[in-house]
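Content type compact mmCIF, C-alpha atoms, from the file final-v3.txt:
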```txt
# COMPACT_ATOMS: atom_id res chain seq x y z
CA MET A 1 146.75 102.51 174.38
CA SER A 2 146.51 99.06 172.79
CA ASN A 3 142.81 98.86 173.73
CA MET A 4 142.12 102.11 171.91
CA VAL A 5 143.92 100.81 168.83
CA ASN A 6 141.87 97.59 168.86
CA LYS A 7 138.62 99.53 169.25
CA PHE A 8 139.64 101.77 166.33
CA LYS A 9 140.38 98.74 164.14
CA LYS A 10 137.01 97.18 164.99
CA ILE A 11 135.15 100.42 164.22
CA SER A 12 137.11 100.86 160.96
CA GLY A 13 136.35 97.27 159.93
CA PHE A 14 132.69 97.73 160.69
CA PHE A 15 132.40 100.87 158.60
CA PHE A 16 134.41 99.24 155.78
CA CYS A 17 132.03 96.27 155.63
CA LEU A 18 129.06 98.62 155.85
CA GLY A 19 130.46 100.68 152.99
CA VAL A 20 130.97 97.58 150.83
CA LEU A 21 127.41 96.50 151.55
CA CYS A 22 126.00 99.90 150.63
CA VAL A 23 127.98 100.05 147.38
CA SER A 24 126.76 96.55 146.45
CA VAL A 25 123.13 97.46 147.14
CA ILE A 26 123.41 100.67 145.12
CA PHE A 27 125.13 98.81 142.25
CA PHE A 28 122.41 96.15 141.94
CA ALA A 29 119.70 98.81 142.30
CA VAL A 30 121.23 100.80 139.45
CA ILE A 31 121.52 97.70 137.27
CA THR A 32 117.95 96.62 138.00
CA PHE A 33 115.97 99.84 138.05
CA THR A 34 117.74 102.38 135.85
CA PRO A 35 118.50 102.87 132.12
CA VAL A 36 121.73 100.92 132.65
CA SER A 37 119.48 97.88 132.33
CA ASN A 38 118.50 99.01 128.85
CA ILE A 39 122.12 99.44 127.89
CA PHE A 40 122.82 95.91 129.12
CA VAL A 41 119.93 94.51 127.12
CA SER A 42 121.12 96.45 124.09
CA PHE A 43 124.47 94.69 124.31
CA LEU A 44 122.69 91.34 124.47
CA LYS A 45 120.41 92.10 121.53
CA ASN A 46 123.32 93.14 119.35
CA GLY A 47 125.19 89.91 119.84
CA PHE A 48 127.67 91.00 122.55
CA ILE A 49 127.00 87.96 124.71
CA SER A 50 126.29 85.63 121.78
CA ALA A 51 129.71 86.45 120.34
CA PHE A 52 131.27 85.56 123.71
CA ASN A 53 129.30 82.37 124.33
CA GLN A 54 129.61 79.16 122.28
CA GLU A 55 127.36 76.17 121.61
CA ASN A 56 128.01 73.15 123.84
CA GLN A 57 126.38 69.78 123.35
CA ASP A 58 126.96 68.65 126.95
CA ASN A 59 123.81 69.24 129.01
CA SER A 60 125.75 69.69 132.27
CA TYR A 61 126.75 73.29 131.75
CA ILE A 62 126.29 76.68 133.33
CA SER A 63 124.72 79.21 130.96
CA PHE A 64 126.80 82.32 131.55
CA SER A 65 124.42 84.54 129.58
CA LYS A 66 121.25 83.29 131.26
CA THR A 67 122.85 83.57 134.69
CA LEU A 68 123.78 87.19 134.04
CA LEU A 69 120.29 87.91 132.74
CA LYS A 70 118.60 86.42 135.79
CA LEU A 71 120.96 88.12 138.25
CA SER A 72 120.38 91.52 136.66
CA PHE A 73 116.70 91.03 135.82
CA PRO A 74 115.06 88.72 138.42
CA GLY A 75 111.72 88.96 136.61
CA LEU A 76 113.00 87.06 133.54
CA ASN A 77 112.14 83.38 133.17
CA ASP A 78 113.74 80.71 130.97
CA THR A 79 111.46 81.58 128.05
CA ASP A 80 112.55 85.20 128.17
CA THR A 81 116.22 84.32 128.17
CA ASN A 82 115.78 81.79 125.37
CA THR A 83 114.25 84.53 123.19
CA TYR A 84 117.71 85.82 122.42
CA ASN A 85 118.93 82.35 121.38
CA LEU A 86 122.18 82.92 123.27
CA LYS A 87 125.04 80.42 123.11
CA SER A 88 126.77 79.01 126.24
CA TYR A 89 130.14 77.72 127.40
CA ASN A 90 130.47 74.63 129.57
CA VAL A 91 132.94 76.14 132.03
CA PHE A 92 133.56 72.74 133.66
CA ASP A 93 134.26 70.79 130.46
CA SER A 94 137.59 69.12 131.21
CA GLU A 95 138.00 67.89 127.62
CA ASN A 96 138.04 71.48 126.37
CA ALA A 97 140.00 72.92 129.27
CA ASP A 98 143.17 73.27 127.22
CA LYS A 99 141.44 74.73 124.18
CA ASN A 100 141.70 78.39 123.38
CA ILE A 101 138.47 79.97 124.68
CA SER A 102 138.04 83.00 122.47
CA ALA A 103 135.30 85.32 121.30
CA GLU A 104 135.26 83.77 117.82
CA PRO A 105 131.65 82.96 116.81
CA VAL A 106 130.50 79.58 115.62
CA LYS A 107 131.27 79.15 111.92
CA ASP A 108 128.38 80.06 109.63
CA TYR A 109 126.28 81.13 112.60
CA VAL A 110 124.27 84.28 111.85
CA TYR A 111 122.96 85.95 114.98
CA ASN A 112 119.31 86.87 114.56
CA PRO A 113 117.56 88.29 117.63
CA TYR A 114 114.17 87.96 115.94
CA GLU A 115 114.20 84.30 114.97
CA ASN A 116 111.99 83.22 117.90
CA ILE A 117 109.68 86.24 117.95
CA PRO A 118 106.23 85.95 116.33
CA LEU A 119 106.06 88.05 113.19
CA LYS A 120 103.31 90.63 113.23
CA ASP A 121 102.98 94.21 112.12
CA ASP A 122 102.82 96.36 115.23
CA GLU A 123 103.99 99.49 113.37
CA SER A 124 107.37 99.31 115.11
CA ILE A 125 110.03 101.25 113.28
CA LEU A 126 113.34 99.42 113.50
CA SER A 127 116.91 100.27 112.63
CA ILE A 128 117.93 99.14 109.16
CA TYR A 129 120.06 96.29 110.49
CA ASP A 130 117.25 95.06 112.75
CA LEU A 131 114.96 95.16 109.70
CA TYR A 132 117.39 92.97 107.76
CA ALA A 133 117.37 90.44 110.62
CA TYR A 134 113.60 90.61 111.00
CA TYR A 135 112.93 90.14 107.29
CA GLN A 136 115.34 87.23 107.21
CA ALA A 137 113.34 85.60 110.00
CA ALA A 138 110.11 86.16 108.06
CA SER A 139 111.20 85.02 104.60
CA GLY A 140 114.32 82.92 105.15
CA VAL A 141 116.12 85.23 102.73
CA LYS A 142 119.32 86.88 103.93
CA ILE A 143 119.08 90.64 103.42
CA GLU A 144 122.15 92.87 103.89
CA GLU A 145 123.60 96.19 102.89
CA ALA A 146 125.12 96.24 99.40
CA THR A 147 128.89 96.02 99.14
CA PRO A 148 130.19 99.53 99.93
CA PRO A 149 132.96 101.26 97.98
CA PRO A 150 136.47 100.75 99.45
CA GLU A 151 137.18 103.04 102.39
CA ASN A 152 140.43 104.21 100.81
CA LEU A 153 138.85 104.84 97.39
CA GLU A 154 140.66 107.67 95.64
CA ILE A 155 138.59 109.43 92.99
CA PRO A 156 140.62 111.18 90.27
CA PRO A 157 140.02 114.89 89.64
CA ASP A 158 136.89 115.64 87.57
CA TYR A 159 135.49 112.16 88.28
CA TYR A 160 132.39 111.38 90.34
CA LYS A 161 131.63 108.51 92.67
CA ILE A 162 128.95 105.82 92.41
CA THR A 163 127.22 105.02 95.69
CA PRO A 164 124.88 102.10 96.49
CA ILE A 165 121.76 103.03 98.47
CA ASN A 166 118.78 101.09 99.80
CA SER A 167 115.76 102.68 98.07
CA SER A 168 113.07 100.29 99.33
CA GLY A 169 111.60 102.84 101.76
CA GLN A 170 110.73 100.02 104.19
CA LYS A 171 110.83 100.89 107.91
CA THR A 172 108.41 98.58 109.70
CA LYS A 173 108.54 94.93 110.71
CA VAL A 174 106.21 93.75 107.97
CA PRO A 175 107.09 95.22 104.53
CA LYS A 176 104.52 97.78 103.41
CA LEU A 177 102.90 98.31 100.04
CA LEU A 178 104.54 101.63 99.19
CA ILE A 179 103.73 104.14 96.46
CA ASN A 180 105.21 107.41 95.27
CA ALA A 181 102.23 109.16 93.67
CA GLU A 182 103.13 112.00 91.32
CA THR A 183 99.52 112.64 90.32
CA SER A 184 96.46 114.45 91.66
CA PHE A 185 94.97 111.09 92.72
CA THR A 186 94.97 109.98 96.35
CA VAL A 187 95.97 106.33 96.26
CA ASP A 188 96.33 103.69 98.99
CA LEU A 189 97.72 100.42 97.64
CA SER A 190 95.95 98.53 100.44
CA ASP A 191 92.70 99.37 98.65
CA TYR A 192 94.04 97.86 95.43
CA ILE A 193 95.41 94.65 96.93
CA SER A 194 91.86 93.95 98.14
CA LYS A 195 90.44 94.34 94.61
CA GLN A 196 89.76 91.31 92.44
CA TYR A 197 92.76 90.39 90.29
CA PRO A 198 91.93 92.03 86.95
CA ILE A 199 93.65 89.78 84.39
CA SER A 200 91.95 86.72 82.94
CA SER A 201 93.44 83.22 82.99
CA PHE A 202 95.43 81.51 80.22
CA ASP A 203 96.54 78.07 79.10
CA PRO A 204 100.27 77.65 79.84
CA GLU A 205 100.49 74.69 77.47
CA LYS A 206 99.68 76.81 74.39
CA LYS A 207 103.18 78.04 73.58
CA ASP A 208 102.00 79.60 70.33
CA GLU A 209 99.71 81.91 72.33
CA PRO A 210 102.06 84.14 74.31
CA VAL A 211 100.64 85.69 77.46
CA VAL A 212 103.51 88.08 78.25
CA LEU A 213 105.18 90.55 75.88
CA ILE A 214 108.56 91.93 76.99
CA LEU A 215 110.13 94.91 75.23
CA ASP A 216 112.23 98.02 75.87
CA THR A 217 111.02 101.49 74.91
CA HIS A 218 114.46 102.83 75.82
CA ALA A 219 116.38 99.83 74.58
CA THR A 220 119.79 101.55 74.44
CA GLU A 221 119.87 102.21 78.19
CA SER A 222 122.92 100.46 79.63
CA TYR A 223 124.91 99.82 82.80
CA VAL A 224 128.48 100.24 84.06
CA GLU A 225 131.15 97.55 83.91
CA GLU A 226 131.77 95.34 86.92
CA GLY A 227 133.73 97.00 89.71
CA THR A 228 133.11 100.55 88.47
CA GLU A 229 133.16 102.86 91.50
CA TYR A 230 133.44 106.25 89.79
CA TYR A 231 132.85 107.74 86.37
CA SER A 232 133.84 110.64 84.18
CA PRO A 233 131.43 113.04 82.45
CA PRO A 234 129.92 113.51 79.95
CA PHE A 235 128.91 109.84 80.13
CA THR A 236 126.25 110.54 82.77
CA ALA A 237 123.80 107.92 81.49
CA GLU A 238 125.31 104.88 79.78
CA ARG A 239 123.83 103.81 76.45
CA SER A 240 124.64 101.18 73.85
CA THR A 241 123.10 99.91 70.62
CA ASP A 242 124.57 96.46 71.34
CA ILE A 243 121.68 94.42 72.74
CA ASN A 244 124.19 92.35 74.73
CA LYS A 245 125.39 95.51 76.48
CA SER A 246 122.08 97.24 77.13
CA VAL A 247 118.85 96.82 79.04
CA VAL A 248 117.73 94.39 76.32
CA LEU A 249 120.04 91.84 77.98
CA ILE A 250 118.12 92.31 81.23
CA ALA A 251 114.80 91.86 79.41
CA THR A 252 116.16 88.65 77.89
CA GLU A 253 117.02 87.36 81.37
CA LEU A 254 113.45 88.09 82.45
CA ARG A 255 112.07 86.21 79.44
CA LYS A 256 114.25 83.18 80.20
CA LYS A 257 113.03 83.14 83.80
CA LEU A 258 109.40 83.13 82.74
CA GLU A 259 110.13 80.30 80.30
CA GLU A 260 111.55 78.27 83.20
CA TYR A 261 108.09 78.51 84.78
CA ASN A 262 106.35 77.46 81.58
CA ILE A 263 104.87 80.92 81.01
CA PRO A 264 104.17 81.58 77.30
CA VAL A 265 106.23 84.70 76.61
CA ILE A 266 107.55 86.63 73.64
CA GLN A 267 110.17 89.36 73.41
CA SER A 268 110.88 92.26 71.07
CA THR A 269 114.50 93.44 70.88
CA LYS A 270 113.82 96.50 68.72
CA LEU A 271 115.85 99.61 69.56
CA HIS A 272 112.92 102.02 69.75
CA ASP A 273 115.06 104.94 70.96
CA ALA A 274 118.08 104.50 68.71
CA ILE A 275 116.92 106.88 65.97
CA SER A 276 115.09 109.43 68.11
CA TYR A 277 114.75 109.35 71.88
CA GLN A 278 111.74 111.67 71.80
CA GLN A 279 109.82 109.35 69.47
CA SER A 280 110.67 106.15 71.37
CA TYR A 281 107.22 105.71 72.98
CA ALA A 282 105.47 106.24 69.66
CA ARG A 283 107.59 103.50 68.10
CA SER A 284 107.20 101.10 71.01
CA LEU A 285 103.41 101.59 70.82
CA GLU A 286 103.57 100.52 67.19
CA THR A 287 105.44 97.39 68.28
CA MET A 288 102.89 96.65 71.01
CA ASN A 289 99.97 96.99 68.59
CA GLU A 290 101.68 94.72 66.06
CA TYR A 291 102.15 91.99 68.66
CA LEU A 292 98.64 92.42 70.09
CA GLU A 293 97.14 92.11 66.62
CA LYS A 294 99.18 88.99 65.89
CA TYR A 295 98.80 87.50 69.38
CA PRO A 296 95.50 88.56 70.99
CA SER A 297 96.40 86.14 73.80
CA ILE A 298 98.81 88.73 75.28
CA ARG A 299 97.61 89.92 78.69
CA TYR A 300 100.77 91.41 80.18
CA ILE A 301 103.27 93.89 78.72
CA ILE A 302 106.48 94.46 80.67
CA ASP A 303 108.45 97.46 79.38
CA VAL A 304 111.95 97.04 80.86
CA HIS A 305 113.97 100.20 81.56
CA ARG A 306 117.02 101.30 83.54
CA ASP A 307 116.56 104.23 85.92
CA SER A 308 118.89 107.26 86.19
CA MET A 309 119.81 108.56 89.64
CA ILE A 310 122.33 111.42 89.46
CA THR A 311 122.58 114.18 92.06
CA ALA A 312 123.13 117.87 91.33
CA THR A 313 126.75 117.41 92.42
CA GLY A 314 127.32 114.63 89.87
CA GLU A 315 127.21 111.65 92.25
CA LYS A 316 125.43 108.57 90.91
CA TYR A 317 123.27 106.45 93.17
CA LYS A 318 122.49 102.83 92.46
CA PRO A 319 119.55 101.27 94.33
CA THR A 320 121.09 98.05 95.63
CA ILE A 321 120.84 95.54 98.47
CA LYS A 322 122.52 92.21 99.04
CA ILE A 323 120.21 89.20 98.79
CA ASN A 324 121.55 85.81 99.85
CA GLY A 325 125.11 87.10 99.60
CA ARG A 326 124.86 88.74 96.15
CA ASP A 327 124.52 92.41 95.30
CA CYS A 328 121.16 92.94 93.62
CA SER A 329 119.64 95.98 91.93
CA GLN A 330 116.32 97.07 93.33
CA VAL A 331 113.42 97.34 90.92
CA MET A 332 110.68 99.94 90.57
CA MET A 333 107.35 99.55 88.83
CA VAL A 334 106.03 102.65 87.07
CA VAL A 335 102.28 102.88 86.51
CA GLY A 336 100.75 105.53 84.26
CA THR A 337 97.36 107.22 84.63
CA ASP A 338 95.03 109.49 82.66
CA ASP A 339 95.87 112.43 84.93
CA GLY A 340 97.69 114.07 82.03
CA GLY A 341 94.65 113.86 79.78
CA GLY A 342 95.58 110.76 77.75
CA TYR A 343 93.03 108.02 77.11
CA HIS A 344 93.76 105.35 79.69
CA PRO A 345 90.76 103.36 81.01
CA ASN A 346 92.95 100.54 82.38
CA TRP A 347 95.22 102.38 84.77
CA ARG A 348 93.50 101.16 87.94
CA ASP A 349 93.77 97.59 86.64
CA ASN A 350 97.47 98.16 85.95
CA LEU A 351 97.89 99.50 89.49
CA THR A 352 96.05 96.51 90.96
CA PHE A 353 98.42 94.20 89.08
CA ALA A 354 101.41 96.20 90.37
CA ALA A 355 100.09 96.05 93.96
CA TYR A 356 99.77 92.27 93.82
CA LEU A 357 103.23 92.01 92.31
CA GLN A 358 104.81 94.26 94.93
CA GLN A 359 103.20 92.19 97.67
CA LYS A 360 104.67 89.05 96.12
CA MET A 361 108.15 90.62 96.08
CA ASN A 362 107.75 91.83 99.67
CA ASN A 363 106.92 88.29 100.78
CA LYS A 364 109.64 86.50 98.82
CA TYR A 365 112.48 89.02 98.64
CA PRO A 366 111.87 91.90 101.06
CA MET A 367 113.37 95.21 99.90
CA LEU A 368 113.80 94.01 96.30
CA ALA A 369 110.99 96.41 95.31
CA ARG A 370 111.16 100.17 95.50
CA PRO A 371 107.85 102.06 95.97
CA VAL A 372 105.51 101.97 92.97
CA ASN A 373 105.84 105.19 90.96
CA LEU A 374 102.40 106.51 89.88
CA ARG A 375 102.65 109.06 87.05
CA ASN A 376 100.32 111.34 85.08
CA ALA A 377 101.42 110.05 81.64
CA ARG A 378 100.06 106.75 80.36
CA PHE A 379 103.33 105.25 78.94
CA ASN A 380 101.42 103.06 76.43
CA GLN A 381 99.87 101.13 79.33
CA HIS A 382 96.36 101.59 77.98
CA THR A 383 97.02 98.59 75.74
CA THR A 384 96.41 95.87 78.38
CA LYS A 385 95.20 95.52 81.97
CA GLY A 386 98.57 94.04 82.93
CA SER A 387 101.00 96.67 81.66
CA ILE A 388 103.82 98.19 83.71
CA ILE A 389 107.22 99.79 83.26
CA LEU A 390 109.94 97.95 85.15
CA GLU A 391 112.97 100.06 86.13
CA VAL A 392 115.88 97.72 86.95
CA GLY A 393 118.69 99.41 88.87
CA SER A 394 120.11 102.70 87.65
CA CYS A 395 122.87 104.15 85.49
CA GLY A 396 125.33 103.36 88.30
CA SER A 397 124.39 99.66 88.50
CA SER A 398 126.44 96.82 87.04
CA PHE A 399 125.12 94.16 84.68
CA SER A 400 125.49 91.39 87.26
CA GLU A 401 123.39 93.34 89.77
CA ALA A 402 120.68 94.04 87.18
CA LEU A 403 120.65 90.47 85.86
CA TYR A 404 120.21 89.10 89.36
CA ALA A 405 117.32 91.51 89.92
CA ALA A 406 115.65 90.39 86.68
CA ASP A 407 116.01 86.78 87.79
CA LEU A 408 114.38 87.37 91.21
CA PHE A 409 111.68 89.64 89.77
CA GLY A 410 110.94 87.06 87.08
CA GLU A 411 110.51 84.40 89.73
CA CYS A 412 107.98 86.57 91.59
CA LEU A 413 106.13 87.50 88.39
CA ALA A 414 105.90 83.90 87.22
CA GLU A 415 104.61 82.65 90.57
CA LEU A 416 102.00 85.41 90.70
CA LEU A 417 100.77 84.65 87.19
CA LEU A 418 100.44 80.97 87.97
CA GLU A 419 98.75 81.58 91.31
CA LYS A 420 96.17 83.90 89.73
CA ASN A 421 95.67 81.69 86.67
CA LYS A 422 92.38 80.17 87.77
```

Go ahead and express the file in the form of C-alpha cells.
Amino acid sequence: MSNMVNKFKKISGFFFCLGVLCVSVIFFAVITFTPVSNIFVSFLKNGFISAFNQENQDNSYISFSKTLLKLSFPGLNDTDTNTYNLKSYNVFDSENADKNISAEPVKDYVYNPYENIPLKDDESILSIYDLYAYYQAASGVKIEEATPPPENLEIPPDYYKITPINSSGQKTKVPKLLINAETSFTVDLSDYISKQYPISSFDPEKKDEPVVLILDTHATESYVEEGTEYYSPPFTAERSTDINKSVVLIATELRKKLEEYNIPVIQSTKLHDAISYQQSYARSLETMNEYLEKYPSIRYIIDVHRDSMITATGEKYKPTIKINGRDCSQVMMVVGTDDGGGYHPNWRDNLTFAAYLQQKMNNKYPMLARPVNLRNARFNQHTTKGSIILEVGSCGSSFSEALYAADLFGECLAELLLEKNK
C-alpha cells in the first residue's frame, strides 16, 4: 500500500512540475509574441516605469527597467532601451536602504519619450500629448494643454461656459503650414514658402522711417477679466472704448516687442469702429493711406483684431495652449484676396509673407499659430505687400493670455523681419 502511495506522489510531483513548466513557457510566449507586448511597451512609453525608477549616480546598479525590457524582448539592445531614457534604482545601495522607496518622480523631471529620437516628418499622426512632447523635443519649448475650468464648476442659470480649445490643427510630428481657404482658389502654402520673400529691406537705424504700421480696424474689441469661466448674455462679444481695456492694448504690446528688436514701428490707436461698425474698414483705410503718404517707408501693416468663437448653444471657445507654463492665446493670420472682385494685386505677396511668418512660429512656438484664414474680401491689404490681419485669441480669452500671445508673435515677427532684411 505504501509503495502505491509513493508512486502516486512521484507521478503527481512530475505532472505538477510539468504543468509549471508549460505555464511558464506559455506565459513568456504570450509576452514575447502577442499584443501583450505592445501593451507593455505602451506602459513604458507613457512613463509607467520611469515613474517607478529613480536616477542613481552609483554605476554599480541593476537597471530594473532595462532588465524587464530585455527579458520580455530579447531582440532589444542597450541602444533600444536607452531610447526611453528610463531611470533606475540601485537595489543594493546600502546608504539608501532605509529611505522610503516610492513612486515619486525626480523633482522637475519631465518625462519625454521623444528626446532621443531624430526629428523628421514621417507623416505619423500622434496623440495630442505625444505631439506636445515631440514639439518640446524639437523646439525646447514646453507645450501643454491650457488650464481647464474647475471640475466642480457650477454655472448659474442662464449663463454660458467659456472653454479653452487647441485650434492649431497640428497632428503630425513636424508642424505643418496649414490654411483654411474660404475662396475659389486652390492654395498650398508649401508653394508659397518656396517663393522669394516679397518685401524689400530697410534700415533699422532710421527711426524716423517706420517700417511697420500697427492699427486696429475693430479697435473696441475686448476680452474677459482674469478668471472668467462663464458669462451672461447679451454680452456675447466684449467691447470697450477704453484703449487700455480693448484690443488696442494688445497692439501696443506688439509695438513694444518690435521696438525691443530695434524695428522702426508706428501705431495708430484710433477707434475706427466706435461710431459705426459697418464703416470701420473704410475709416481704417483712410488711416492707412494717411500714414503711407507721410511715411512711404512703411512695408508692413498689421491690423490687430480679436476673434469671436461662440457656438449655437451659447458656449464660448477660446483658442489657448500653455507655453512654458503660461496660458497663451493662439493667433490666426487672415489674408484677403481679389476673389470677391476687389482690386488686390498684392494678395499672393501677403500670403507669402504669412507663410513665412507661420513657419517661423511653428519653429519657435509650435501650436501658437492657427491655420491661415484665406478670404475673398481684401480687408485693405492691397495697400502693401506685407499686410495681414492678426486675430489674437477670442471673445472668451483673458487679457493676460492675449498679451502673452502678442509678445511671442512679436518676437517671431521681429526675427523674421531681421532675417529677411538683406

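Checking A:Pro264, A:Pro345, A:Gly396, A:Pro204 one by one against Ile162 of chain A, counting all atoms listed in the file, you find the shortest gap at A:Gly396.
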
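Take the candidates A:Ile143, A:Val174, A:Met367, A:Leu292 and check each one against Tyr129 of chain A using only C-alpha atoms; the shortest distance goes to A:Ile143.
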
Contact residues around Phe185 of chain A with all atoms listed in the file at 10 Å, ignoring same-chain residues under 5 positions, as a PyMOL selection string: chain A and resi 337+339+374-376

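The environment of Lys360 of chain A within 9 Å, counting all atoms listed in the file and disregarding residues fewer than 2 places along the same chain, consists of Ala355, Tyr356, Leu357, Gln358, Asn362, Asn363, Lys364, Tyr365, Cys412, Leu413, Glu415 and Leu416 of chain A.
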
d(atom CA of Ile125 of chain A, atom CA of Ile193 of chain A) in Å: 22.9 Å

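For the choices A:Ser222, A:Thr384, A:Asn346, A:Ser201, the atom-to-atom distance to Ala402 of chain A is smallest for A:Ser222 when using only C-alpha atoms.
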
Selection: 7 Å around Leu271 of chain A, all atoms listed in the file, excl. self and same-chain fewer than 2 positions, as JSON, numbers by chain: {"A": [219, 220, 269, 273, 274]}

Near-Tyr281 of chain A list (8 Å; all atoms listed in the file; drop same-chain fewer than 3 positions) as number ranges by chain: A: 217, 272, 278, 284-285, 379-380

Report, as lines of an AutoDock Vina configuration file, the axis-aligned box around all atoms of segment 148-165 of chain A present in the file, extended by 3 Å on each side; give centre and edge lengths in Å to one decimal place.
```
center_x = 131.2
center_y = 107.6
center_z = 95.0
size_x = 24.9
size_y = 22.1
size_z = 20.8
```

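The two atoms in question, atom CA of Asp303 of chain A and atom CA of Ala251 of chain A, are spaced 8.5 Å apart.
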
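Proximity of A:Gln136, A:Tyr317, A:Lys322, A:His218 to Ile275 of chain A, computed with all atoms listed in the file, is greatest for A:His218.
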
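Reported to one decimal place, the separation of atom CA of Asp203 of chain A from atom CA of Met332 of chain A is 28.5 Å.
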
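Minimum atom-to-atom distances from A:Glu182, A:Glu209, A:Asp188, A:Glu154 to Glu293 of chain A were compared using all atoms listed in the file, and the lowest value belongs to A:Glu209.
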
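Proximity ranking of A:Ile266, A:Ala414, A:Ile298, A:Ile250 relative to Val392 of chain A places A:Ile250 first, based on all atoms listed in the file.
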
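With all atoms listed in the file taken into account, the protein and nucleic acid residues at most 9 Å from Gln381 of chain A (excluding it and anything under 3 positions from it in its own chain) are Ile301, Val335, Gly336, Thr337, His344, Asn346, Trp347, Asn350, Arg378, Thr384, Lys385, Gly386, Ser387, Ile388 and Ile389 of chain A.
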